[in-house]
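Engineer: As input, take coords-v5.pdb (PDB, C-alpha atoms):
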ATOM      1  CA  MET J  13     -81.882  60.218  39.820
ATOM      2  CA  ASP J  14     -80.115  62.189  42.557
ATOM      3  CA  LEU J  15     -80.228  61.555  46.317
ATOM      4  CA  GLU J  16     -83.155  63.910  46.919
ATOM      5  CA  GLU J  17     -85.265  62.284  44.182
ATOM      6  CA  PHE J  18     -84.225  58.842  45.402
ATOM      7  CA  ASN J  19     -85.425  59.546  48.943
ATOM      8  CA  ALA J  20     -88.612  61.236  47.748
ATOM      9  CA  THR J  21     -89.508  58.155  45.711
ATOM     10  CA  LEU J  22     -88.481  55.809  48.508
ATOM     11  CA  VAL J  23     -90.765  57.332  51.131
ATOM     12  CA  GLU J  24     -93.793  56.810  48.884
ATOM     13  CA  ILE J  25     -93.290  53.038  48.821
ATOM     14  CA  LYS J  26     -95.829  51.260  51.015
ATOM     15  CA  ASN J  27     -94.625  47.649  51.279
ATOM     16  CA  ASP J  28     -91.758  45.196  50.788
ATOM     17  CA  GLU J  29     -92.976  44.251  47.329
ATOM     18  CA  GLY J  30     -92.598  47.884  46.299
ATOM     19  CA  LEU J  31     -89.143  48.040  47.877
ATOM     20  CA  LEU J  32     -88.046  44.960  45.941
ATOM     21  CA  ASP J  33     -89.275  46.452  42.672
ATOM     22  CA  PHE J  34     -87.519  49.741  43.488
ATOM     23  CA  CYS J  35     -84.329  47.815  44.301
ATOM     24  CA  ARG J  36     -84.371  45.952  41.008
ATOM     25  CA  LYS J  37     -85.135  49.050  38.960
ATOM     26  CA  TRP J  38     -82.743  51.571  40.507
ATOM     27  CA  VAL J  39     -80.140  49.712  42.572
ATOM     28  CA  LEU J  40     -79.423  46.640  40.423
ATOM     29  CA  HIS J  41     -80.563  47.491  36.909
ATOM     30  CA  GLY J  42     -78.743  49.889  34.599
ATOM     31  CA  THR J  43     -75.261  51.244  34.028
ATOM     32  CA  PRO J  44     -73.403  52.162  37.251
ATOM     33  CA  TYR J  45     -72.763  55.843  37.920
ATOM     34  CA  ILE J  46     -69.007  55.306  37.824
ATOM     35  CA  PHE J  47     -69.275  53.946  34.267
ATOM     36  CA  HIS J  48     -71.722  56.495  32.899
ATOM     37  CA  ALA J  49     -71.286  56.675  29.084
ATOM     38  CA  ARG J  50     -68.446  54.106  29.376
ATOM     39  CA  GLU J  51     -70.202  50.842  28.568
ATOM     40  CA  GLU J  52     -67.173  49.274  26.875
ATOM     41  CA  GLU J  53     -64.966  49.934  29.905
ATOM     42  CA  LEU J  54     -67.650  48.497  32.183
ATOM     43  CA  TYR J  55     -67.596  45.340  30.096
ATOM     44  CA  GLU J  56     -63.803  45.047  30.320
ATOM     45  CA  PHE J  57     -63.856  45.620  34.090
ATOM     46  CA  ARG J  58     -66.468  42.928  34.704
ATOM     47  CA  LYS J  59     -64.622  40.599  32.323
ATOM     48  CA  LYS J  60     -61.402  40.979  34.350
ATOM     49  CA  ILE J  61     -63.202  39.991  37.536
ATOM     50  CA  ALA J  62     -64.978  37.074  35.861
ATOM     51  CA  CYS J  63     -61.731  35.711  34.411
ATOM     52  CA  GLY J  64     -59.705  36.371  37.553
ATOM     53  CA  LEU J  65     -62.140  34.583  39.865
ATOM     54  CA  HIS J  66     -63.423  31.994  37.371
ATOM     55  CA  VAL J  67     -67.039  33.083  37.740
ATOM     56  CA  SER J  68     -69.715  34.010  35.222
ATOM     57  CA  PHE J  69     -69.628  37.515  33.738
ATOM     58  CA  HIS J  70     -73.310  37.875  34.631
ATOM     59  CA  GLU J  71     -72.624  37.135  38.313
ATOM     60  CA  ILE J  72     -70.829  40.460  38.850
ATOM     61  CA  PHE J  73     -72.632  43.594  40.065
ATOM     62  CA  ILE J  74     -71.407  47.038  41.063
ATOM     63  CA  THR J  75     -73.343  48.201  44.120
ATOM     64  CA  GLY J  76     -73.367  51.042  46.625
ATOM     65  CA  SER J  77     -72.532  54.653  45.803
ATOM     66  CA  ALA J  78     -70.487  53.650  42.752
ATOM     67  CA  LYS J  79     -73.735  52.332  41.270
ATOM     68  CA  LEU J  80     -76.063  55.158  42.339
ATOM     69  CA  GLY J  81     -73.712  58.127  42.537
ATOM     70  CA  PHE J  82     -74.557  58.597  46.220
ATOM     71  CA  SER J  83     -75.027  56.639  49.433
ATOM     72  CA  PRO J  84     -78.634  56.632  50.734
ATOM     73  CA  HIS J  85     -77.377  55.318  54.081
ATOM     74  CA  LYS J  86     -74.686  57.972  54.618
ATOM     75  CA  GLY J  87     -76.423  60.739  52.679
ATOM     76  CA  THR J  88     -73.187  61.493  50.812
ATOM     77  CA  GLU J  89     -72.198  61.789  47.155
ATOM     78  CA  PHE J  90     -69.817  59.318  45.507
ATOM     79  CA  SER J  91     -66.263  60.690  45.814
ATOM     80  CA  TYR J  92     -62.613  59.686  45.774
ATOM     81  CA  ASP J  93     -63.042  58.639  49.404
ATOM     82  CA  SER J  94     -65.639  56.071  48.306
ATOM     83  CA  ASP J  95     -64.971  52.421  47.527
ATOM     84  CA  VAL J  96     -66.206  50.678  44.411
ATOM     85  CA  ASP J  97     -68.194  47.820  45.941
ATOM     86  CA  ILE J  98     -68.588  44.620  43.951
ATOM     87  CA  ALA J  99     -71.168  41.922  44.662
ATOM     88  CA  ILE J 100     -70.341  38.538  43.172
ATOM     89  CA  ILE J 101     -73.213  36.070  43.050
ATOM     90  CA  SER J 102     -71.662  32.635  42.797
ATOM     91  CA  PRO J 103     -72.824  29.541  44.700
ATOM     92  CA  SER J 104     -69.681  27.670  43.625
ATOM     93  CA  LEU J 105     -67.285  30.397  44.798
ATOM     94  CA  PHE J 106     -69.273  30.784  48.015
ATOM     95  CA  GLU J 107     -68.962  27.069  48.792
ATOM     96  CA  SER J 108     -65.284  27.018  47.853
ATOM     97  CA  MET J 109     -64.522  29.886  50.236
ATOM     98  CA  MET J 110     -66.597  28.295  52.979
ATOM     99  CA  GLY J 111     -64.371  25.246  52.603
ATOM    100  CA  HIS J 112     -61.468  27.400  53.802
ATOM    101  CA  ILE J 113     -63.636  28.679  56.647
ATOM    102  CA  TYR J 114     -64.417  25.104  57.680
ATOM    103  CA  LYS J 115     -60.728  24.291  58.045
ATOM    104  CA  PHE J 116     -60.146  27.456  60.025
ATOM    105  CA  GLN J 117     -63.119  26.737  62.307
ATOM    106  CA  VAL J 118     -61.977  23.171  62.995
ATOM    107  CA  ASP J 119     -58.477  24.360  63.904
ATOM    108  CA  LEU J 120     -59.958  27.105  66.078
ATOM    109  CA  ARG J 121     -62.101  24.613  68.008
ATOM    110  CA  ARG J 122     -59.069  22.422  68.556
ATOM    111  CA  SER J 123     -57.118  25.467  69.814
ATOM    112  CA  ARG J 124     -54.567  25.096  67.047
ATOM    113  CA  ARG J 125     -55.107  28.722  66.028
ATOM    114  CA  ALA J 126     -54.150  31.670  68.214
ATOM    115  CA  VAL J 127     -56.802  34.386  67.772
ATOM    116  CA  ASP J 128     -57.009  37.363  70.148
ATOM    117  CA  GLU J 129     -60.301  38.814  71.411
ATOM    118  CA  ARG J 130     -60.449  41.564  68.801
ATOM    119  CA  GLU J 131     -59.904  39.094  65.943
ATOM    120  CA  LEU J 132     -62.412  36.687  67.462
ATOM    121  CA  ALA J 133     -65.032  39.464  67.542
ATOM    122  CA  MET J 134     -64.264  40.218  63.891
ATOM    123  CA  TYR J 135     -64.611  36.538  63.017
ATOM    124  CA  HIS J 136     -67.992  36.368  64.745
ATOM    125  CA  GLU J 137     -69.090  39.361  62.686
ATOM    126  CA  PHE J 138     -67.919  37.509  59.573
ATOM    127  CA  LEU J 139     -70.025  34.497  60.587
ATOM    128  CA  GLU J 140     -73.082  36.726  61.004
ATOM    129  CA  TYR J 141     -72.712  37.869  57.389
ATOM    130  CA  ALA J 142     -72.138  34.302  56.194
ATOM    131  CA  ALA J 143     -75.380  33.277  57.921
ATOM    132  CA  ILE J 144     -77.277  35.669  55.623
ATOM    133  CA  GLY J 145     -75.557  34.322  52.524
ATOM    134  CA  TRP J 146     -72.723  36.857  52.210
ATOM    135  CA  ILE J 147     -68.985  36.219  52.511
ATOM    136  CA  ARG J 148     -67.028  39.347  53.449
ATOM    137  CA  PRO J 149     -63.315  38.456  53.454
ATOM    138  CA  ASP J 150     -62.499  41.831  55.055
ATOM    139  CA  LYS J 151     -64.193  40.602  58.236
ATOM    140  CA  LEU J 152     -61.873  37.629  58.675
ATOM    141  CA  PRO J 153     -59.164  37.692  61.362
ATOM    142  CA  LEU J 154     -55.869  39.077  60.098
ATOM    143  CA  SER J 155     -54.074  35.794  60.686
ATOM    144  CA  PHE J 156     -56.649  34.011  58.529
ATOM    145  CA  LYS J 157     -56.494  36.588  55.737
ATOM    146  CA  ALA J 158     -52.721  36.328  55.529
ATOM    147  CA  LYS J 159     -52.684  32.564  55.135
ATOM    148  CA  GLU J 160     -55.796  31.616  53.177
ATOM    149  CA  LEU J 161     -57.055  34.647  51.288
ATOM    150  CA  LYS J 162     -54.658  37.569  51.124
ATOM    151  CA  ALA J 163     -52.408  36.089  48.453
ATOM    152  CA  GLY J 164     -55.383  35.558  46.182
ATOM    153  CA  TRP J 165     -58.444  37.612  47.053
ATOM    154  CA  PHE J 166     -56.970  40.844  48.377
ATOM    155  CA  GLU J 167     -54.075  41.020  45.964
ATOM    156  CA  PHE J 168     -56.482  40.468  43.077
ATOM    157  CA  PHE J 169     -58.729  43.369  44.051
ATOM    158  CA  ASP J 170     -55.711  45.519  44.873
ATOM    159  CA  SER J 171     -54.657  44.950  41.259
ATOM    160  CA  LEU J 172     -57.920  46.595  40.142
ATOM    161  CA  SER J 173     -57.683  49.559  42.535
ATOM    162  CA  TYR J 174     -56.209  53.056  42.435
ATOM    163  CA  GLY J 175     -55.732  53.613  38.738
ATOM    164  CA  LYS J 176     -54.927  50.006  37.807
ATOM    165  CA  SER J 177     -58.236  49.248  36.085
ATOM    166  CA  GLU J 178     -61.130  50.860  34.247
ATOM    167  CA  VAL J 179     -62.751  52.199  37.452
ATOM    168  CA  GLY J 180     -60.036  54.801  37.935
ATOM    169  CA  ASP J 181     -58.466  56.038  41.161
ATOM    170  CA  TYR J 182     -60.656  54.177  43.634
ATOM    171  CA  LYS J 183     -60.326  51.223  45.975
ATOM    172  CA  VAL J 184     -62.198  48.143  44.734
ATOM    173  CA  ALA J 185     -63.727  45.893  47.396
ATOM    174  CA  ALA J 186     -65.863  42.788  46.954
ATOM    175  CA  GLY J 187     -67.966  40.189  48.683
ATOM    176  CA  VAL J 188     -69.549  36.936  47.550
ATOM    177  CA  PHE J 189     -73.262  36.168  47.796
ATOM    178  CA  LYS J 190     -74.569  32.634  47.818
ATOM    179  CA  SER J 191     -77.432  33.523  45.465
ATOM    180  CA  TYR J 192     -79.227  36.450  43.856
ATOM    181  CA  TYR J 193     -81.918  36.106  46.520
ATOM    182  CA  TYR J 194     -79.475  36.948  49.314
ATOM    183  CA  LEU J 195     -78.169  40.007  47.473
ATOM    184  CA  GLU J 196     -81.682  41.298  46.903
ATOM    185  CA  GLN J 197     -82.665  40.716  50.516
ATOM    186  CA  TYR J 198     -79.571  42.537  51.757
ATOM    187  CA  LEU J 199     -80.209  45.507  49.472
ATOM    188  CA  VAL J 200     -83.915  45.652  50.320
ATOM    189  CA  GLY J 201     -82.969  45.679  54.010
ATOM    190  CA  GLY J 202     -80.732  48.677  53.351
ATOM    191  CA  LEU J 203     -83.520  50.434  51.466
ATOM    192  CA  ARG J 204     -85.921  49.763  54.325
ATOM    193  CA  SER J 205     -83.525  51.494  56.723
ATOM    194  CA  ALA J 206     -82.928  54.373  54.291
ATOM    195  CA  ARG J 207     -86.680  54.806  53.890
ATOM    196  CA  SER J 208     -87.199  55.002  57.659
ATOM    197  CA  LYS J 209     -84.403  57.566  57.934
ATOM    198  CA  ALA J 210     -85.864  59.650  55.101
ATOM    199  CA  ILE J 211     -89.314  59.625  56.729
ATOM    200  CA  VAL J 212     -87.812  60.864  60.013
ATOM    201  CA  GLU J 213     -86.020  63.676  58.160
ATOM    202  CA  LEU J 214     -89.261  64.733  56.480
ATOM    203  CA  LYS J 215     -91.004  65.061  59.832
ATOM    204  CA  LYS J 216     -88.414  67.453  61.252
TER
END
Go through the file and emit its structure as structure tokens.

Structural biologist:
Amino acid sequence: MDLEEFNATLVEIKNDEGLLDFCRKWVLHGTPYIFHAREEELYEFRKKIACGLHVSFHEIFITGSAKLGFSPHKGTEFSYDSDVDIAIISPSLFESMMGHIYKFQVDLRRSRRAVDERELAMYHEFLEYAAIGWIRPDKLPLSFKAKELKAGWFEFFDSLSYGKSEVGDYKVAAGVFKSYYYLEQYLVGGLRSARSKAIVELKK
């Protein structure tokens, strides 16, 4: 399914139940575009992430344009400028990472952390994502990333990027969802926006 077919199907959906079914069928299910006809390499890539983060193999999903071959939101094809986005569904990893956030938040409240206004705004954005069940380490203040996560999280995904893993010459980025429910709700929200945009385009 290409972008035009995707949008044409999307605009015909009448309710959230239909959007959820569409999400499961086309956005979550099936072999990602980036691994078309490369099932064995897909397995090895997911296995590396599972072993590296100590999560279940089945908790790892490739999302975004690397999954579909295009971005419904941006209206662009997957290219070398695109990231390979990974969604990890792991309650245990989510809680473990939030433990680090707790320590950071306590120190911040006690003014033992120096965070400028720009970093504070970024941290608030991070908290907004966490409130909907999604940890995005890229939204943490730089000072936090350097101390608590960079040595582990970012170096790990750097080791899978730009020709150093089965995905090829792309940047690999990842976030952690508290449960499958939160991932589905996030994706359905994106589809709802893409559907509205596609309807507007049709009316022009």

Engineer: Pick from J:Gly30, J:Gly64, J:Gly42, J:Gly201: nearest to Ser171 (chain J), with only C-alpha atoms counted?

Structural biologist: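 Nearest candidate to Ser171 (chain J) out of J:Gly30, J:Gly64, J:Gly42, J:Gly201: J:Gly64.
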
Engineer: Skipping near chain neighbours, those fewer than 3 positions away, what residues fall within 7 Å of region 17-28 of chain J using all atoms listed in the file, listed as number ranges by chain?

Structural biologist: J: 13-14, 31-32, 207, 210-211

Engineer: Carefully work through the PyMOL selection byres ((chain J and resi 58) around 12) for this structure and note down the residues it includes, as a compact mmCIF listing (two decimals) with C-alpha atoms, in the frame of the given file.

Structural biologist:
# COMPACT_ATOMS: atom_id res chain seq x y z
CA PRO J 44 -73.40 52.16 37.25
CA PHE J 47 -69.28 53.95 34.27
CA GLU J 51 -70.20 50.84 28.57
CA GLU J 52 -67.17 49.27 26.88
CA GLU J 53 -64.97 49.93 29.90
CA LEU J 54 -67.65 48.50 32.18
CA TYR J 55 -67.60 45.34 30.10
CA GLU J 56 -63.80 45.05 30.32
CA PHE J 57 -63.86 45.62 34.09
CA LYS J 59 -64.62 40.60 32.32
CA LYS J 60 -61.40 40.98 34.35
CA ILE J 61 -63.20 39.99 37.54
CA ALA J 62 -64.98 37.07 35.86
CA CYS J 63 -61.73 35.71 34.41
CA GLY J 64 -59.70 36.37 37.55
CA LEU J 65 -62.14 34.58 39.86
CA HIS J 66 -63.42 31.99 37.37
CA VAL J 67 -67.04 33.08 37.74
CA SER J 68 -69.72 34.01 35.22
CA PHE J 69 -69.63 37.52 33.74
CA HIS J 70 -73.31 37.88 34.63
CA GLU J 71 -72.62 37.14 38.31
CA ILE J 72 -70.83 40.46 38.85
CA PHE J 73 -72.63 43.59 40.06
CA ILE J 74 -71.41 47.04 41.06
CA ILE J 98 -68.59 44.62 43.95
CA ALA J 99 -71.17 41.92 44.66
CA ILE J 100 -70.34 38.54 43.17
CA LEU J 172 -57.92 46.60 40.14
CA SER J 177 -58.24 49.25 36.08
CA GLU J 178 -61.13 50.86 34.25
CA VAL J 179 -62.75 52.20 37.45

Engineer: Convert the output of the PyMOL selection byres ((chain J and resi 139-152) around 7) on the shown file into explicit residues, formatted as a list in words.

Structural biologist: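 For this structure, the PyMOL selection byres ((chain J and resi 139-152) around 7) captures Met134, Tyr135, His136, Glu137, Phe138, Pro153, Leu154, Phe156, Lys157, Gly187, Val188, Phe189, Lys190 and Tyr194 of chain J.
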
Engineer: Using the chain letters and residue numbers of this document, give as a list in words the residues selected by the PyMOL selection byres ((chain J and resi 183) around 9).

Structural biologist: Tyr92, Asp93, Ser94, Asp95, Val96, Asp97, Phe169, Asp170, Leu172, Ser173, Tyr174, Gly175, Val179, Gly180, Asp181, Tyr182, Val184 and Ala185 of chain J
